[in-house]
>>> print(open('structure_14.cif').read())   # mmCIF, C-alpha atoms and all ligand atoms
data_my_file
loop_
_atom_site.label_atom_id
_atom_site.label_comp_id
_atom_site.auth_asym_id
_atom_site.auth_seq_id
_atom_site.Cartn_x
_atom_site.Cartn_y
_atom_site.Cartn_z
CA MET N 1 0.00 0.00 0.00
CA GLU N 2 1.23 3.47 -0.89
CA PHE N 3 0.84 5.99 1.95
CA PHE N 4 2.33 9.08 0.34
CA SER N 5 0.63 8.99 -3.04
CA ASP N 6 0.59 12.82 -3.18
CA VAL N 7 4.35 12.58 -3.66
CA PRO N 8 4.76 10.06 -6.46
CA GLU N 9 8.47 10.67 -7.15
CA PRO N 10 11.43 11.05 -4.79
CA VAL N 11 12.06 14.69 -3.87
CA ALA N 12 14.95 16.06 -5.92
CA PHE N 13 17.12 19.13 -6.13
CA ALA N 14 15.07 21.73 -7.99
CA GLY N 15 17.10 24.89 -7.48
CA THR N 16 15.21 28.15 -7.38
CA ASP N 17 12.03 26.70 -8.86
CA PRO N 18 10.69 23.96 -6.57
CA GLY N 19 7.66 23.48 -8.87
CA PRO N 20 4.00 23.09 -7.95
CA GLY N 21 3.46 22.19 -4.31
CA GLY N 22 6.97 23.33 -3.39
CA LEU N 23 8.27 19.79 -2.99
CA GLY N 24 11.82 20.21 -4.22
CA TYR N 25 15.12 21.04 -2.57
CA GLN N 26 16.28 24.56 -3.24
CA VAL N 27 19.77 24.18 -1.78
CA TYR N 28 20.28 20.52 -0.82
CA ASP N 29 21.96 19.00 -3.82
CA PRO N 30 23.45 15.65 -2.71
CA ASN N 31 26.15 15.61 -5.37
CA ARG N 32 27.31 19.20 -5.03
CA THR N 33 30.90 19.40 -3.81
CA VAL N 34 31.44 21.43 -0.65
CA ALA N 35 34.93 21.72 0.87
CA GLY N 36 36.06 18.68 -1.08
CA LYS N 37 33.17 16.35 -0.25
CA ARG N 38 29.66 15.63 -1.54
CA MET N 39 26.95 17.55 0.31
CA GLU N 40 25.15 14.31 1.17
CA ASP N 41 28.34 12.92 2.73
CA HIS N 42 28.83 16.05 4.81
CA LEU N 43 25.32 16.24 6.21
CA ARG N 44 24.47 12.51 6.51
CA ILE N 45 20.77 13.30 7.02
CA ALA N 46 18.57 10.87 8.95
CA VAL N 47 14.81 10.77 9.54
CA CYS N 48 13.58 9.54 12.91
CA TYR N 49 11.05 6.75 13.16
CA TRP N 50 9.35 7.92 16.36
CA HIS N 51 8.00 11.47 15.93
CA SER N 52 7.33 11.03 12.22
CA PHE N 53 5.63 7.62 12.19
CA ALA N 54 4.77 6.51 15.72
CA TRP N 55 3.33 9.75 17.10
CA PRO N 56 -0.29 10.67 16.28
CA GLY N 57 0.06 14.39 17.08
CA SER N 58 -1.18 14.14 20.67
CA ASP N 59 0.05 16.41 23.44
CA ILE N 60 -0.56 16.49 27.18
CA PHE N 61 -3.78 18.44 26.64
CA GLY N 62 -5.18 16.71 23.60
CA GLU N 63 -5.42 13.62 21.46
CA GLY N 64 -3.80 12.90 18.11
CA THR N 65 -4.63 15.17 15.19
CA PHE N 66 -2.52 13.66 12.41
CA ASP N 67 -3.71 11.83 9.36
CA ARG N 68 -1.69 8.63 9.91
CA PRO N 69 -3.65 5.64 8.57
CA TRP N 70 -0.81 3.27 9.52
CA ILE N 71 -1.34 4.01 13.23
CA ASN N 72 -4.18 1.68 14.13
CA SER N 73 -4.56 0.56 17.70
CA ASP N 74 -7.32 -1.92 16.80
CA ALA N 75 -5.11 -3.91 14.45
CA ASP N 76 -2.98 -6.88 15.47
CA PRO N 77 0.26 -5.32 16.86
CA ILE N 78 2.60 -6.98 14.36
CA THR N 79 0.36 -6.09 11.40
CA ALA N 80 0.27 -2.48 12.66
CA ALA N 81 4.06 -2.41 13.12
CA GLU N 82 4.50 -3.68 9.57
CA ALA N 83 2.23 -0.98 8.16
CA LYS N 84 4.15 1.65 10.12
CA GLN N 85 7.40 0.26 8.74
CA ASP N 86 6.06 0.35 5.20
CA ALA N 87 5.06 4.02 5.65
CA ALA N 88 8.45 4.87 7.15
CA PHE N 89 10.49 3.30 4.37
CA GLU N 90 8.29 4.78 1.68
CA PHE N 91 8.92 8.19 3.24
CA PHE N 92 12.70 7.71 3.65
CA GLN N 93 12.99 6.79 0.03
CA LYS N 94 10.73 9.56 -1.28
CA LEU N 95 12.51 12.20 0.78
CA GLY N 96 15.76 11.05 -0.80
CA VAL N 97 17.91 11.00 2.35
CA PRO N 98 20.50 8.32 3.18
CA TYR N 99 19.68 7.42 6.83
CA PHE N 100 17.05 6.74 9.47
CA CYS N 101 17.11 6.26 13.28
CA PHE N 102 14.84 4.19 15.55
CA HIS N 103 14.02 3.15 19.12
CA ASP N 104 13.30 -0.53 19.74
CA VAL N 105 9.70 0.29 20.74
CA ASP N 106 9.04 2.31 17.56
CA MET N 107 9.94 -0.64 15.43
CA ALA N 108 8.42 -3.57 17.34
CA PRO N 109 5.51 -4.20 19.72
CA THR N 110 6.77 -4.79 23.26
CA GLY N 111 4.46 -7.78 23.95
CA ASN N 112 4.08 -9.09 27.48
CA SER N 113 7.63 -10.12 28.35
CA LEU N 114 11.24 -9.50 27.42
CA ARG N 115 11.15 -12.76 25.49
CA GLU N 116 8.12 -11.71 23.43
CA PHE N 117 9.59 -8.26 22.80
CA LYS N 118 12.81 -9.83 21.55
CA SER N 119 11.02 -12.13 19.14
CA ASN N 120 8.91 -9.22 17.80
CA LEU N 121 12.04 -7.13 17.40
CA ASP N 122 13.81 -9.95 15.55
CA HIS N 123 10.93 -10.20 13.12
CA MET N 124 10.71 -6.45 12.51
CA VAL N 125 14.48 -6.05 12.20
CA ASP N 126 14.69 -8.82 9.60
CA ARG N 127 11.94 -7.06 7.72
CA ALA N 128 13.75 -3.70 8.06
CA ALA N 129 16.94 -5.28 6.71
CA GLN N 130 14.99 -6.39 3.66
CA LYS N 131 13.54 -2.88 3.15
CA MET N 132 16.98 -1.33 3.57
CA SER N 133 18.45 -3.47 0.86
CA GLU N 134 15.50 -2.70 -1.45
CA THR N 135 15.63 1.08 -0.93
CA GLY N 136 19.31 1.69 -0.12
CA THR N 137 18.38 3.48 3.12
CA LYS N 138 20.99 3.04 5.88
CA LEU N 139 20.83 3.20 9.66
CA LEU N 140 22.50 6.18 11.36
CA TRP N 141 21.67 4.90 14.84
CA GLY N 142 19.46 2.70 16.91
CA THR N 143 18.50 3.12 20.57
CA ALA N 144 16.33 1.63 23.31
CA ASN N 145 13.39 3.48 24.81
CA MET N 146 13.88 3.19 28.57
CA PHE N 147 11.72 6.10 29.62
CA SER N 148 8.12 5.49 28.47
CA HIS N 149 7.13 2.33 30.36
CA PRO N 150 6.01 2.86 33.99
CA ARG N 151 8.76 0.51 35.24
CA TYR N 152 11.27 3.21 34.26
CA ALA N 153 9.51 6.04 36.11
CA ALA N 154 12.48 6.29 38.52
CA GLY N 155 15.09 5.76 35.82
CA ALA N 156 16.64 2.77 34.08
CA ALA N 157 20.33 2.46 35.01
CA THR N 158 19.87 4.91 37.89
CA ASN N 159 16.78 3.17 39.30
CA PRO N 160 16.88 2.36 43.02
CA ASP N 161 15.72 -1.17 42.10
CA PRO N 162 18.41 -3.43 40.54
CA GLU N 163 15.70 -5.46 38.80
CA VAL N 164 14.94 -2.40 36.68
CA PHE N 165 18.65 -2.06 35.93
CA ALA N 166 18.74 -5.68 34.78
CA HIS N 167 15.63 -5.19 32.65
CA ALA N 168 17.34 -2.21 31.00
CA CYS N 169 20.40 -4.37 30.33
CA ALA N 170 18.25 -6.85 28.44
CA GLN N 171 16.62 -4.10 26.42
CA VAL N 172 19.91 -2.41 25.48
CA LYS N 173 21.58 -5.70 24.61
CA ASN N 174 18.77 -6.49 22.17
CA ALA N 175 18.64 -2.98 20.71
CA LEU N 176 22.42 -2.84 20.30
CA GLU N 177 22.46 -6.19 18.53
CA ALA N 178 19.56 -5.10 16.30
CA THR N 179 21.54 -1.96 15.44
CA GLN N 180 24.55 -4.09 14.60
CA GLN N 181 22.47 -6.41 12.43
CA LEU N 182 21.23 -3.39 10.46
CA GLY N 183 24.77 -2.04 9.99
CA GLY N 184 24.10 1.01 12.21
CA ALA N 185 26.85 3.63 12.22
CA ASN N 186 26.18 4.53 15.89
CA TYR N 187 24.20 3.50 18.95
CA VAL N 188 22.61 6.25 21.11
CA LEU N 189 21.87 6.39 24.84
CA TRP N 190 19.61 9.20 25.89
CA GLY N 191 19.06 8.99 29.63
CA GLY N 192 15.49 10.24 29.58
CA ARG N 193 14.82 9.50 33.24
CA GLU N 194 18.39 9.09 34.45
CA GLY N 195 18.02 11.93 36.91
CA TYR N 196 15.78 12.82 39.81
CA GLU N 197 12.45 14.45 40.62
CA THR N 198 13.41 15.31 44.21
CA LEU N 199 16.59 15.08 46.25
CA LEU N 200 14.49 14.06 49.25
CA ASN N 201 14.55 10.42 48.12
CA THR N 202 17.70 10.39 45.99
CA ARG N 203 21.30 9.25 46.46
CA MET N 204 23.09 11.11 43.70
CA LYS N 205 26.48 9.44 44.10
CA GLN N 206 24.95 5.95 44.18
CA GLU N 207 22.99 6.71 41.00
CA ALA N 208 26.09 8.06 39.25
CA ASP N 209 27.98 4.86 40.12
CA GLN N 210 25.12 2.79 38.70
CA LEU N 211 25.05 4.83 35.51
CA ALA N 212 28.80 4.44 35.06
CA ARG N 213 28.53 0.68 35.64
CA PHE N 214 25.79 0.49 33.04
CA LEU N 215 27.85 2.40 30.49
CA GLU N 216 30.82 0.16 31.19
CA LEU N 217 28.70 -2.98 30.65
CA VAL N 218 27.35 -1.61 27.36
CA ALA N 219 30.83 -0.64 26.09
CA ASN N 220 32.15 -4.10 27.00
CA HIS N 221 29.28 -5.77 25.19
CA LYS N 222 29.90 -3.62 22.15
CA ARG N 223 33.46 -4.95 22.10
CA ASN N 224 32.37 -8.54 22.75
CA ILE N 225 30.04 -8.62 19.77
CA GLY N 226 32.42 -6.65 17.55
CA PHE N 227 30.00 -3.79 16.87
CA ASN N 228 32.11 -1.16 15.18
CA GLY N 229 29.71 1.77 15.35
CA THR N 230 30.16 4.62 17.84
CA LEU N 231 28.43 4.74 21.22
CA LEU N 232 26.83 8.13 21.79
CA ILE N 233 25.38 9.79 24.89
CA GLU N 234 22.74 12.45 24.24
CA PRO N 235 23.00 15.22 26.86
CA LYS N 236 19.86 16.97 28.10
CA PRO N 237 19.51 19.02 31.29
CA GLN N 238 15.92 18.22 32.23
CA GLU N 239 12.54 17.06 30.90
CA PRO N 240 10.98 14.69 31.71
CA THR N 241 12.91 14.62 35.00
CA LYS N 242 13.55 17.78 36.97
CA HIS N 243 17.28 17.19 36.71
CA GLN N 244 19.05 14.89 34.29
CA TYR N 245 22.59 13.70 35.03
CA ASP N 246 23.81 14.04 31.42
CA TYR N 247 23.17 17.77 31.74
CA ASP N 248 25.29 19.10 28.87
CA CYS N 249 28.47 18.25 26.95
CA ALA N 250 30.81 19.50 29.67
CA THR N 251 29.01 17.48 32.35
CA VAL N 252 29.08 14.32 30.24
CA HIS N 253 32.75 14.90 29.47
CA GLY N 254 33.59 15.22 33.19
CA PHE N 255 31.55 12.10 33.98
CA LEU N 256 33.31 10.05 31.30
CA GLU N 257 36.68 11.20 32.55
CA ARG N 258 35.82 10.48 36.20
CA TYR N 259 34.72 6.92 35.44
CA ASP N 260 37.42 6.19 32.89
CA LEU N 261 35.00 5.92 29.98
CA LEU N 262 36.58 8.50 27.68
CA GLY N 263 37.13 7.02 24.24
CA ASP N 264 34.22 4.61 24.69
CA TYR N 265 31.53 7.29 24.39
CA PHE N 266 31.02 10.41 22.30
CA VAL N 267 28.10 12.85 22.33
CA ASN N 268 24.96 13.22 20.26
CA ILE N 269 24.16 16.93 20.62
CA GLU N 270 20.57 18.05 20.18
CA VAL N 271 20.09 21.70 19.25
CA ASN N 272 17.16 22.20 21.59
CA HIS N 273 18.84 20.42 24.50
CA ALA N 274 21.63 23.00 24.22
CA THR N 275 19.03 25.77 24.52
CA LEU N 276 17.44 24.07 27.54
CA ALA N 277 20.87 23.87 29.21
CA GLY N 278 21.28 27.63 28.81
CA HIS N 279 23.88 27.30 26.04
CA SER N 280 23.91 28.02 22.36
CA PHE N 281 24.13 25.03 20.01
CA HIS N 282 27.37 26.62 18.77
CA HIS N 283 28.75 26.38 22.32
CA GLU N 284 27.88 22.69 22.70
CA VAL N 285 29.42 21.77 19.35
CA ALA N 286 32.55 23.83 19.99
CA TYR N 287 32.96 22.23 23.43
CA ALA N 288 32.60 18.71 22.07
CA VAL N 289 34.90 19.32 19.11
CA ASP N 290 37.60 20.96 21.24
CA ASN N 291 37.50 18.14 23.78
CA GLY N 292 37.43 15.25 21.34
CA ILE N 293 33.96 13.94 22.22
CA PHE N 294 31.97 15.18 19.22
CA GLY N 295 29.85 12.46 17.64
CA SER N 296 26.53 13.34 16.05
CA VAL N 297 23.67 15.87 16.06
CA ASP N 298 19.90 15.91 16.52
CA ALA N 299 18.99 18.92 14.40
CA ASN N 300 15.67 19.81 16.03
CA ARG N 301 15.48 23.19 17.71
CA GLY N 302 13.46 24.72 20.52
CA ASP N 303 11.47 27.89 20.75
CA PRO N 304 13.35 30.62 22.62
CA GLN N 305 10.13 31.58 24.41
CA ASN N 306 9.34 28.06 25.64
CA GLY N 307 11.12 26.11 28.33
CA TRP N 308 10.42 22.67 26.92
CA ASP N 309 11.57 20.42 24.11
CA THR N 310 9.46 21.62 21.16
CA ASP N 311 11.51 19.59 18.65
CA GLN N 312 10.89 21.97 15.77
CA PHE N 313 12.44 21.71 12.33
CA PRO N 314 15.59 23.81 11.94
CA ASN N 315 14.93 27.00 10.00
CA SER N 316 17.60 29.48 10.98
CA VAL N 317 20.77 29.68 8.90
CA ASP N 318 22.13 32.35 11.25
CA GLU N 319 21.87 29.96 14.18
CA LEU N 320 23.32 26.90 12.47
CA SER N 321 26.14 28.33 10.36
CA LEU N 322 28.61 28.79 13.19
CA ALA N 323 28.00 25.29 14.53
CA LEU N 324 28.48 23.91 11.02
CA PHE N 325 31.66 25.95 10.81
CA GLU N 326 33.04 24.22 13.94
CA ILE N 327 32.09 20.81 12.54
CA LEU N 328 33.68 21.55 9.16
CA ARG N 329 36.79 23.04 10.76
CA SER N 330 37.27 19.84 12.77
CA GLY N 331 37.13 17.68 9.64
CA GLY N 332 33.40 16.91 9.66
CA PHE N 333 31.40 13.92 10.86
CA THR N 334 33.01 10.51 11.03
CA THR N 335 30.19 8.10 11.96
CA GLY N 336 27.71 10.83 13.01
CA GLY N 337 25.24 12.85 11.00
CA PHE N 338 22.21 15.14 11.30
CA ASN N 339 19.23 13.26 12.65
CA PHE N 340 15.82 14.93 12.40
CA ASP N 341 14.42 14.20 15.88
CA THR N 342 11.75 16.68 14.81
CA LYS N 343 8.04 17.01 15.42
CA LEU N 344 5.48 18.72 13.24
CA ARG N 345 3.23 21.22 14.97
CA ARG N 346 -0.05 19.63 16.03
CA GLN N 347 -1.99 21.61 13.44
CA SER N 348 0.17 20.32 10.59
CA MET N 349 -1.95 17.22 10.22
CA ASP N 350 -1.52 16.40 6.55
CA ARG N 351 0.83 13.65 5.50
CA THR N 352 2.59 16.01 3.09
CA ASP N 353 3.43 18.33 6.00
CA LEU N 354 6.04 15.70 6.88
CA PHE N 355 7.71 16.46 3.56
CA HIS N 356 7.54 20.23 3.97
CA GLY N 357 9.06 20.08 7.45
CA HIS N 358 11.96 17.89 6.39
CA ILE N 359 12.65 19.64 3.09
CA GLY N 360 12.84 23.06 4.76
CA GLY N 361 15.04 21.74 7.56
CA ILE N 362 17.40 19.97 5.18
CA ASP N 363 17.67 23.06 2.95
CA THR N 364 18.48 25.13 6.05
CA LEU N 365 21.31 22.75 6.94
CA ALA N 366 22.56 22.75 3.35
CA GLN N 367 22.61 26.56 3.23
CA SER N 368 24.37 26.65 6.62
CA LEU N 369 26.96 24.24 5.26
CA LEU N 370 27.64 26.59 2.34
CA VAL N 371 28.06 29.49 4.77
CA ALA N 372 30.39 27.37 6.91
CA GLU N 373 32.50 26.57 3.86
CA ALA N 374 32.64 30.29 2.99
CA LEU N 375 33.67 31.11 6.59
CA LEU N 376 36.38 28.49 6.40
CA TYR N 377 37.78 29.85 3.13
CA ASP N 378 37.40 33.43 4.37
CA GLY N 379 39.69 32.52 7.26
CA THR N 380 39.02 35.65 9.35
CA LEU N 381 37.86 33.76 12.44
CA GLU N 382 40.73 31.28 12.40
CA HIS N 383 43.27 33.99 11.68
CA THR N 384 41.96 36.20 14.50
CA ARG N 385 42.11 33.33 16.99
CA ASP N 386 45.67 32.46 15.89
CA GLU N 387 46.79 36.02 16.43
CA ARG N 388 44.97 36.36 19.74
CA TYR N 389 46.75 33.38 21.29
CA ALA N 390 50.10 33.81 19.52
CA GLY N 391 51.88 34.64 22.79
CA TRP N 392 51.45 31.04 23.92
CA GLN N 393 53.79 29.92 21.14
CA GLY N 394 56.46 32.36 22.36
CA ASP N 395 59.05 32.07 25.12
CA LEU N 396 56.85 33.17 28.01
CA GLY N 397 53.92 30.92 27.00
CA THR N 398 56.23 27.91 26.64
CA GLN N 399 57.89 28.63 29.98
CA ILE N 400 54.52 28.85 31.79
CA MET N 401 53.41 25.51 30.35
CA ASP N 402 56.66 23.76 31.24
CA PRO N 403 55.67 21.36 34.06
CA ASN N 404 58.92 22.17 35.88
CA THR N 405 58.06 25.87 36.16
CA THR N 406 56.67 27.10 39.49
CA LEU N 407 54.38 29.95 40.43
CA ALA N 408 57.36 31.60 42.15
CA ALA N 409 59.53 31.36 39.01
CA ILE N 410 56.81 32.94 36.85
CA ALA N 411 56.29 35.69 39.44
CA GLU N 412 60.03 36.31 39.47
CA ALA N 413 60.18 36.54 35.68
CA ALA N 414 57.16 38.89 35.56
CA THR N 415 58.67 41.15 38.20
CA ALA N 416 62.15 41.15 36.65
CA ALA N 417 60.79 42.05 33.21
CA ASP N 418 58.57 44.71 34.81
CA LEU N 419 55.58 43.32 32.87
CA ASP N 420 52.76 45.78 32.24
CA PRO N 421 50.63 44.09 29.55
CA LYS N 422 48.15 46.33 27.72
CA PRO N 423 44.62 45.04 26.97
CA ARG N 424 43.83 44.45 23.31
CA SER N 425 40.49 44.66 21.52
CA GLY N 426 38.63 41.37 21.13
CA ARG N 427 37.10 42.88 17.96
CA GLN N 428 33.77 41.21 18.65
CA GLU N 429 31.64 43.59 16.59
CA ALA N 430 34.06 43.50 13.67
CA LEU N 431 33.93 39.69 13.73
CA GLU N 432 30.13 39.65 13.99
CA ASN N 433 30.01 41.93 10.97
CA ARG N 434 32.33 39.64 9.06
CA VAL N 435 30.16 36.61 9.81
CA ASN N 436 27.09 38.50 8.63
CA GLN N 437 28.84 39.60 5.44
CA VAL N 438 29.63 35.96 4.72
CA ILE N 439 26.04 34.90 5.49
CA TRP N 440 24.66 37.66 3.28
CA GLY N 441 27.18 36.88 0.55
CA THR N 442 28.38 40.49 0.45
CA THR N 443 32.09 39.76 0.94
C1 LIG G 1 14.44 13.45 23.83
C2 LIG G 1 15.51 12.91 23.02
C3 LIG G 1 15.21 11.56 22.36
C4 LIG G 1 16.49 10.92 21.89
C5 LIG G 1 16.37 9.48 21.57
O1 LIG G 1 14.42 14.61 24.20
O2 LIG G 1 15.86 13.88 22.10
O3 LIG G 1 14.30 11.74 21.32
O4 LIG G 1 17.01 11.58 20.78
O5 LIG G 1 15.95 8.71 22.62
NI NI G 2 17.13 13.61 20.45
NI NI G 3 15.07 15.94 22.62
#
>>> encode(input="structure_14.cif", output="structure tokens", more="lines below")
Ligand code: XLS
Ligand code: NI
Ligand code: NI
Amino acid sequence: MEFFSDVPEPVAFAGTDPGPGGLGYQVYDPNRTVAGKRMEDHLRIAVCYWHSFAWPGSDIFGEGTFDRPWINSDADPITAAEAKQDAAFEFFQKLGVPYFCFHDVDMAPTGNSLREFKSNLDHMVDRAAQKMSETGTKLLWGTANMFSHPRYAAGAATNPDPEVFAHACAQVKNALEATQQLGGANYVLWGGREGYETLLNTRMKQEADQLARFLELVANHKRNIGFNGTLLIEPKPQEPTKHQYDYDCATVHGFLERYDLLGDYFVNIEVNHATLAGHSFHHEVAYAVDNGIFGSVDANRGDPQNGWDTDQFPNSVDELSLALFEILRSGGFTTGGFNFDTKLRRQSMDRTDLFHGHIGGIDTLAQSLLVAEALLYDGTLEHTRDERYAGWQGDLGTQIMDPNTTLAAIAEAATAADLDPKPRSGRQEALENRVNQVIWGTT
């Protein structure tokens, strides 16, 4: 059965004339070369299974609004999961993007036991493998949903009950192996309820030790089965819990270092989670790149006026260009990519709205990539930073960094040379103007 018959052909690059209905890419041209690589290989776009195919458009105040004939709670669960999968793969192929992402529960009915869930997952994953080979769609990452079921209300790995921990182990083992079977490039862990609602009943240190143990077990299993994708942690400061332990990139980095897990885990940065943590997305990317933990991105943004995860499609080139610049400057994605963990607004109930949301978001990323390339070739930012820190390459900088130097020796040198350093302009406005000139194409 065809679910998206209003879009008979895969969406293609159409340039400035997207044709009737506006279903064409204006900027995203997979084969266009940008900084020495195909645009498609830079951006590595993925569609997510959950918000686009498993969510009916409900919110906490109202029921589903979307026209999604494949979501049918009266049907036999496997038949319904198969219809959902057919819709998903038809969409991936028609949108013309290389990747998708999934949670175990999006793909397969959970049944009444771990055993039943596993056998449902096996069936649906075999079927997905078949669809992937037919359509050429690849898997950017898989993950396990350990936050929706009531048993996880107090967390999965950080639950006070070790039986919940063990249940989570079974779920992650199966989801990781499913991801491996589908050739996934990464495996994601978002700790949706790995945090607390109140400190009155919580032992933070105990929960951190449990989380670290869990991550260690998962990394060991990854090695045991020879999965060669990247393990990614997705930071988020809160929602649904009041406080989430994987607060932001710096917190995750410190945690990995403390528990000797650096090198086993990288980060999947979500644009809106950066906003919720009180950072810019640019900040989170720059932090991860600079500290060697950058992995992948969830491209969905928030609304600056709302304090929750609105998961909107990206639509601001100004906001994304600088983050893209950091990614490009660092050599680009290795196994990561841009996943669209995006939700349509509840009033966008038509099936074709799914196309409009993704096309606009992908074009925004493509345009931001072009700006990032222009910023890279322009060189002003890199050159300014080089100049600003040049002193650290000189004698004094080298002496300070020498582990044998003491505070007293530096004080002595400063006093002897009668140092009286003069402040220098950071040139912020000039740099902001330069970035805008590049974005506007007026350089
Ligand atoms: C929720 C997260 C979630 C992860 C995958 O806020 O973004 O969707 O990406 O579990
Ligand atoms: Ni996400
Ligand atoms: Ni999110």
>>> atom_distance(input="structure_14.cif", atom1="CA of Met1 (chain N)", atom2="CA of Tyr25 (chain N)")
26.0 Å
>>> atom_distance(input="structure_14.cif", atom1="CA of Pro18 (chain N)", atom2="CA of Ser316 (chain N)")
19.7 Å
>>> axis_aligned_box(input="structure_14.cif", around="region 422-441 of chain N", padding_each_side="4 Å", output="JSON")
{"center_x": 36.4, "center_y": 40.6, "center_z": 14.1, "size_x": 31.5, "size_y": 19.4, "size_z": 35.2}
>>> residues_near_ligand(input="structure_14.cif", ligand="ligand NI 3 (chain G)", cutoff="8 Å", atoms="all atoms listed in the file", output="list in words")
Lys236, Glu270, Asn272, His273, Asp298, Asn300, Asp309, Asp311 and Asp341 of chain N
>>> closest_residue(input="structure_14.cif", among="N:Ala185, N:Ala299, N:Ala372, N:Val252", to="ligand NI 2 (chain G)", atoms="only C-alpha atoms and all ligand atoms")
N:Ala299
>>> closest_residue(input="structure_14.cif", among="N:Val27, N:Leu381, N:Ala80, N:Leu256", to="Leu431 (chain N)", atoms="all atoms listed in the file")
N:Leu381
>>> atom_distance(input="structure_14.cif", atom1="CA of Asp418 (chain N)", atom2="CA of Glu387 (chain N)")
23.5 Å
>>> closest_atom_pairs(input="structure_14.cif", of="chain N", to="ligand NI 2 (chain G)", cutoff="12 Å", atoms="all atoms listed in the file", output="CSV")
residue,atom,partner,partner_atom,distance
N:Ala46,CA,G:NI2,NI,11.9
N:Val47,CA,G:NI2,NI,11.5
N:Cys48,CA,G:NI2,NI,9.3
N:Tyr49,CA,G:NI2,NI,11.7
N:Trp50,CA,G:NI2,NI,10.5
N:His51,CA,G:NI2,NI,10.4
N:Cys101,CA,G:NI2,NI,10.3
N:Phe102,CA,G:NI2,NI,10.9
N:His103,CA,G:NI2,NI,11.0
N:Trp141,CA,G:NI2,NI,11.3
N:Gly142,CA,G:NI2,NI,11.7
N:Thr143,CA,G:NI2,NI,10.6
N:Asn145,CA,G:NI2,NI,11.6
N:Val188,CA,G:NI2,NI,9.2
N:Leu189,CA,G:NI2,NI,9.7
N:Trp190,CA,G:NI2,NI,7.4
N:Gly191,CA,G:NI2,NI,10.5
N:Gly192,CA,G:NI2,NI,9.9
N:Leu232,CA,G:NI2,NI,11.2
N:Ile233,CA,G:NI2,NI,10.1
N:Glu234,CA,G:NI2,NI,6.9
N:Pro235,CA,G:NI2,NI,8.8
N:Lys236,CA,G:NI2,NI,8.8
N:Glu239,CA,G:NI2,NI,11.9
N:Val267,CA,G:NI2,NI,11.2
N:Asn268,CA,G:NI2,NI,7.8
N:Ile269,CA,G:NI2,NI,7.8
N:Glu270,CA,G:NI2,NI,5.6
N:Val271,CA,G:NI2,NI,8.7
N:Asn272,CA,G:NI2,NI,8.7
N:His273,CA,G:NI2,NI,8.1
N:Ala274,CA,G:NI2,NI,11.1
N:Ser296,CA,G:NI2,NI,10.4
N:Val297,CA,G:NI2,NI,8.2
N:Asp298,CA,G:NI2,NI,5.3
N:Ala299,CA,G:NI2,NI,8.3
N:Asn300,CA,G:NI2,NI,7.8
N:Arg301,CA,G:NI2,NI,10.1
N:Gly302,CA,G:NI2,NI,11.7
N:Asp309,CA,G:NI2,NI,9.5
N:Thr310,CA,G:NI2,NI,11.1
N:Asp311,CA,G:NI2,NI,8.4
N:Gln312,CA,G:NI2,NI,11.4
N:Phe338,CA,G:NI2,NI,10.6
N:Asn339,CA,G:NI2,NI,8.1
N:Phe340,CA,G:NI2,NI,8.3
N:Asp341,CA,G:NI2,NI,5.3
N:Thr342,CA,G:NI2,NI,8.4
N:Lys343,CA,G:NI2,NI,10.9
>>> decode(input="structure_14.cif", residues="region 137-146 of chain N", atoms="N, CA and C atoms", output="mmCIF file, in the first residue's frame")
data_model
loop_
_atom_site.group_PDB
_atom_site.id
_atom_site.type_symbol
_atom_site.label_atom_id
_atom_site.label_comp_id
_atom_site.auth_asym_id
_atom_site.auth_seq_id
_atom_site.Cartn_x
_atom_site.Cartn_y
_atom_site.Cartn_z
ATOM 1 N N THR N 137 18.328 2.656 1.901
ATOM 2 C CA THR N 137 18.383 3.481 3.120
ATOM 3 C C THR N 137 19.273 2.800 4.158
ATOM 4 N N LYS N 138 20.074 3.590 4.864
ATOM 5 C CA LYS N 138 20.987 3.040 5.878
ATOM 6 C C LYS N 138 20.580 3.524 7.272
ATOM 7 N N LEU N 139 21.170 2.879 8.273
ATOM 8 C CA LEU N 139 20.830 3.205 9.657
ATOM 9 C C LEU N 139 21.913 4.100 10.265
ATOM 10 N N LEU N 140 21.521 5.318 10.682
ATOM 11 C CA LEU N 140 22.496 6.184 11.365
ATOM 12 C C LEU N 140 22.674 5.707 12.806
ATOM 13 N N TRP N 141 21.567 5.482 13.502
ATOM 14 C CA TRP N 141 21.675 4.898 14.844
ATOM 15 C C TRP N 141 20.387 4.238 15.303
ATOM 16 N N GLY N 142 20.583 3.308 16.222
ATOM 17 C CA GLY N 142 19.459 2.695 16.912
ATOM 18 C C GLY N 142 19.569 3.053 18.386
ATOM 19 N N THR N 143 18.490 2.840 19.140
ATOM 20 C CA THR N 143 18.502 3.122 20.566
ATOM 21 C C THR N 143 17.375 2.338 21.237
ATOM 22 N N ALA N 144 17.393 2.300 22.558
ATOM 23 C CA ALA N 144 16.330 1.629 23.307
ATOM 24 C C ALA N 144 15.535 2.689 24.069
ATOM 25 N N ASN N 145 14.227 2.568 24.032
ATOM 26 C CA ASN N 145 13.385 3.482 24.806
ATOM 27 C C ASN N 145 13.269 2.928 26.223
ATOM 28 N N MET N 146 13.933 3.611 27.163
ATOM 29 C CA MET N 146 13.883 3.195 28.565
ATOM 30 C C MET N 146 13.367 4.354 29.416
#
